[in-house]
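Student: First, the structure itself, so that you have it in front of you.
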Amino acid sequence: MRNSLPIKNYYILNYQPVVTVPPGSQRPYPYALQVGEFKLQAIFNRQNIVYRFSPVQIQYYELEQWAVRPDQMITNLVFGHLEASGLANRIGIDFFEIRPDFRIEGMVEAIEKYDAGDVFYAHLAMSMKLLRTSDGNQVWEYSFDQRRQVYHPEMIYTVQSLSSIFQSEMDIVVGQLDSLFLAMSTGKTLPRTPVEAAPLKPVMADSTGVKIDESGFEIIIDKPKSK
């Protein structure tokens with residue numbers, strides 16, 4: 001009798017954007033918006049999914065992997081959300097015939113699973129910035145660091161939580177860009193300094209190695225579904 005070989009499992013972040021246009025919005029704004037490169041910290045920029053038990057030690061799953069390169073996955077996800085939002089007249093990744101007015105790009109600081117033995121968390125941290133292509137000046141920036149508790153050890157639930165975090169944060173990004181573009185299109189002065197996200201709260205590590213802030217985990221509780 002032949003022994004069955006271990007089967008690799010492949011995952012992607014995925015969700016259906018829900019477009020909610022705020023009152024007073026004038027979408028689509030008369031700009032061409034390019035989705036630039038979204039880089040990842042080196043330890044996360046590989047197809048093996050990262051997990052950790054403590055802040056100082058990481059490990060890679062052998063059988064649990066991203067289906068595509070993480071940098072491509074994140075870039076395409078940002079593009080899909082912005083395109084669905086209808087935020088600007090033209091939104092794309094590649095511009096050949098015209099120069100875009102703005103380019104959004106960023107860095108993924110963490111995309112991983114915290115494993116505290118009997119407690120699991122999806123962890124996603126990113127920073128983004130908007131550049132005006134005519135002079136290269138940065139006109140906006142945003143960052144987040146979110147951890148969300150996962151109630152099942154199977155990787156698919158962690159990936160679903162990572163997708164949900166990404167969707168929630170992209171909704172905030174679109175809202176902020178809407179306000180910025182509205183101010184610009186109505187003739188208001190563009191701020192000389194970037195529009196910054198609220199500063200992150202100080203963090204520390206608990207006995208499990210999971211980072212917490214002064215008020216506890218910054219998570220949105222997903223109640224386990226009844227079987």
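Labels used: A, B, ... for chains in the order of the structure tokens, numbers from 1 for residues in each chain, and numbers from 1 for ligands as shown.
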Could you pull out the residues in region 4-220 of chain A that DSSP calls helix (DSSP H, G or I) from the backbone, as a ChimeraX atom specification?
Tutor: /A:42-44,70-85,155-185
Student: Which residues in chain A does DSSP call strand (DSSP E or B)? List them as a ChimeraX atom specification.
Tutor: /A:9-11,29-40,48-54,57-66,88-92,102-115,120-132,138-150,195,203-205,211-213,216
Student: With C-alpha atoms retained, export the selected residues as a PDB file, in the first residue's frame.
Tutor:
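Output (again04.pdb):
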ATOM      1  CA  ASN A   9      -2.764  24.070   0.134  1.00  0.00           C
ATOM      2  CA  TYR A  10      -2.788  27.398  -1.712  1.00  0.00           C
ATOM      3  CA  TYR A  11      -4.552  30.588  -0.616  1.00  0.00           C
ATOM      4  CA  TYR A  29     -12.859  62.707  -9.747  1.00  0.00           C
ATOM      5  CA  PRO A  30     -11.094  64.043 -12.868  1.00  0.00           C
ATOM      6  CA  TYR A  31      -7.800  62.319 -12.196  1.00  0.00           C
ATOM      7  CA  ALA A  32      -5.810  59.360 -13.437  1.00  0.00           C
ATOM      8  CA  LEU A  33      -4.730  57.222 -10.487  1.00  0.00           C
ATOM      9  CA  GLN A  34      -1.989  54.634 -10.848  1.00  0.00           C
ATOM     10  CA  VAL A  35      -1.653  51.700  -8.486  1.00  0.00           C
ATOM     11  CA  GLY A  36       2.085  51.374  -8.065  1.00  0.00           C
ATOM     12  CA  GLU A  37       4.208  48.725  -6.452  1.00  0.00           C
ATOM     13  CA  PHE A  38       3.287  47.340  -3.054  1.00  0.00           C
ATOM     14  CA  LYS A  39       6.400  45.828  -1.541  1.00  0.00           C
ATOM     15  CA  LEU A  40       6.695  43.431   1.372  1.00  0.00           C
ATOM     16  CA  ASN A  48       5.266  30.087   2.243  1.00  0.00           C
ATOM     17  CA  ILE A  49       2.880  31.614   4.783  1.00  0.00           C
ATOM     18  CA  VAL A  50       4.558  32.974   7.909  1.00  0.00           C
ATOM     19  CA  TYR A  51       3.543  32.060  11.442  1.00  0.00           C
ATOM     20  CA  ARG A  52       5.097  32.878  14.784  1.00  0.00           C
ATOM     21  CA  PHE A  53       4.931  31.953  18.434  1.00  0.00           C
ATOM     22  CA  SER A  54       6.871  34.981  19.698  1.00  0.00           C
ATOM     23  CA  GLN A  57      10.979  33.907  16.054  1.00  0.00           C
ATOM     24  CA  ILE A  58       9.202  33.243  12.793  1.00  0.00           C
ATOM     25  CA  GLN A  59       8.550  30.031  10.924  1.00  0.00           C
ATOM     26  CA  TYR A  60       7.244  29.126   7.495  1.00  0.00           C
ATOM     27  CA  TYR A  61       4.564  26.611   6.671  1.00  0.00           C
ATOM     28  CA  GLU A  62       5.694  24.027   4.151  1.00  0.00           C
ATOM     29  CA  LEU A  63       2.240  22.968   2.972  1.00  0.00           C
ATOM     30  CA  GLU A  64       0.321  26.239   3.512  1.00  0.00           C
ATOM     31  CA  GLN A  65       1.292  28.690   0.779  1.00  0.00           C
ATOM     32  CA  TRP A  66       0.099  31.757  -1.091  1.00  0.00           C
ATOM     33  CA  ALA A  88     -11.317  58.524 -10.296  1.00  0.00           C
ATOM     34  CA  ASN A  89     -11.903  58.776 -14.029  1.00  0.00           C
ATOM     35  CA  ARG A  90      -9.078  56.373 -14.713  1.00  0.00           C
ATOM     36  CA  ILE A  91      -7.538  53.818 -12.363  1.00  0.00           C
ATOM     37  CA  GLY A  92      -4.900  51.393 -13.550  1.00  0.00           C
ATOM     38  CA  PHE A 102      -1.242  60.388  -8.826  1.00  0.00           C
ATOM     39  CA  ARG A 103       0.332  57.093  -7.839  1.00  0.00           C
ATOM     40  CA  ILE A 104      -0.501  55.084  -4.737  1.00  0.00           C
ATOM     41  CA  GLU A 105       2.094  52.662  -3.428  1.00  0.00           C
ATOM     42  CA  GLY A 106       3.042  51.087  -0.151  1.00  0.00           C
ATOM     43  CA  MET A 107       4.739  48.525   2.045  1.00  0.00           C
ATOM     44  CA  VAL A 108       3.369  45.453   3.788  1.00  0.00           C
ATOM     45  CA  GLU A 109       5.046  45.307   7.182  1.00  0.00           C
ATOM     46  CA  ALA A 110       3.438  42.030   8.268  1.00  0.00           C
ATOM     47  CA  ILE A 111       1.091  39.391   6.893  1.00  0.00           C
ATOM     48  CA  GLU A 112       1.103  36.355   9.135  1.00  0.00           C
ATOM     49  CA  LYS A 113      -0.573  34.079  11.643  1.00  0.00           C
ATOM     50  CA  TYR A 114       0.071  34.333  15.370  1.00  0.00           C
ATOM     51  CA  ASP A 115      -0.058  30.934  17.036  1.00  0.00           C
ATOM     52  CA  PHE A 120      -4.791  32.344  16.999  1.00  0.00           C
ATOM     53  CA  TYR A 121      -4.643  35.778  15.412  1.00  0.00           C
ATOM     54  CA  ALA A 122      -4.475  37.066  11.856  1.00  0.00           C
ATOM     55  CA  HIS A 123      -1.972  39.947  11.696  1.00  0.00           C
ATOM     56  CA  LEU A 124      -1.794  42.475   8.869  1.00  0.00           C
ATOM     57  CA  ALA A 125       0.215  45.711   8.947  1.00  0.00           C
ATOM     58  CA  MET A 126       0.683  48.096   6.015  1.00  0.00           C
ATOM     59  CA  SER A 127       1.658  51.632   5.112  1.00  0.00           C
ATOM     60  CA  MET A 128       0.506  53.508   2.001  1.00  0.00           C
ATOM     61  CA  LYS A 129       1.289  56.831   0.388  1.00  0.00           C
ATOM     62  CA  LEU A 130      -0.018  58.918  -2.492  1.00  0.00           C
ATOM     63  CA  LEU A 131       2.441  60.703  -4.753  1.00  0.00           C
ATOM     64  CA  ARG A 132       1.707  63.546  -7.168  1.00  0.00           C
ATOM     65  CA  GLN A 138       3.843  62.951  -1.265  1.00  0.00           C
ATOM     66  CA  VAL A 139       0.375  64.342  -0.541  1.00  0.00           C
ATOM     67  CA  TRP A 140      -1.157  61.651   1.670  1.00  0.00           C
ATOM     68  CA  GLU A 141      -0.199  58.673   3.792  1.00  0.00           C
ATOM     69  CA  TYR A 142      -1.931  56.045   5.892  1.00  0.00           C
ATOM     70  CA  SER A 143      -0.816  53.098   7.994  1.00  0.00           C
ATOM     71  CA  PHE A 144      -2.446  50.404  10.074  1.00  0.00           C
ATOM     72  CA  ASP A 145      -1.473  47.449  12.245  1.00  0.00           C
ATOM     73  CA  GLN A 146      -4.400  45.139  12.933  1.00  0.00           C
ATOM     74  CA  ARG A 147      -4.650  41.816  14.742  1.00  0.00           C
ATOM     75  CA  ARG A 148      -7.887  39.840  14.693  1.00  0.00           C
ATOM     76  CA  GLN A 149      -8.650  36.737  16.681  1.00  0.00           C
ATOM     77  CA  VAL A 150      -9.371  33.577  14.724  1.00  0.00           C
ATOM     78  CA  VAL A 195      -2.668  63.671   5.515  1.00  0.00           C
ATOM     79  CA  VAL A 203       2.462  48.187  21.850  1.00  0.00           C
ATOM     80  CA  MET A 204       4.017  45.608  24.111  1.00  0.00           C
ATOM     81  CA  ALA A 205       4.219  41.840  24.118  1.00  0.00           C
ATOM     82  CA  LYS A 211       1.599  42.334  20.627  1.00  0.00           C
ATOM     83  CA  ILE A 212      -1.052  44.186  22.563  1.00  0.00           C
ATOM     84  CA  ASP A 213      -1.722  47.846  23.139  1.00  0.00           C
ATOM     85  CA  GLY A 216      -5.738  45.030  24.863  1.00  0.00           C
TER      86      GLY A 216
END
Student: Could you check which of A:Arg27, A:Arg99, A:Arg69, A:His152 is closest to Leu177 (chain A), using only C-alpha atoms?
Tutor: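 Among the listed residues, the smallest separation from Leu177 (chain A) belongs to A:Arg27.
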Student: Between CA of Ile43 (chain A) and CA of Ile74 (chain A), what is the distance, to one decimal in Å?
Tutor: 15.5 Å
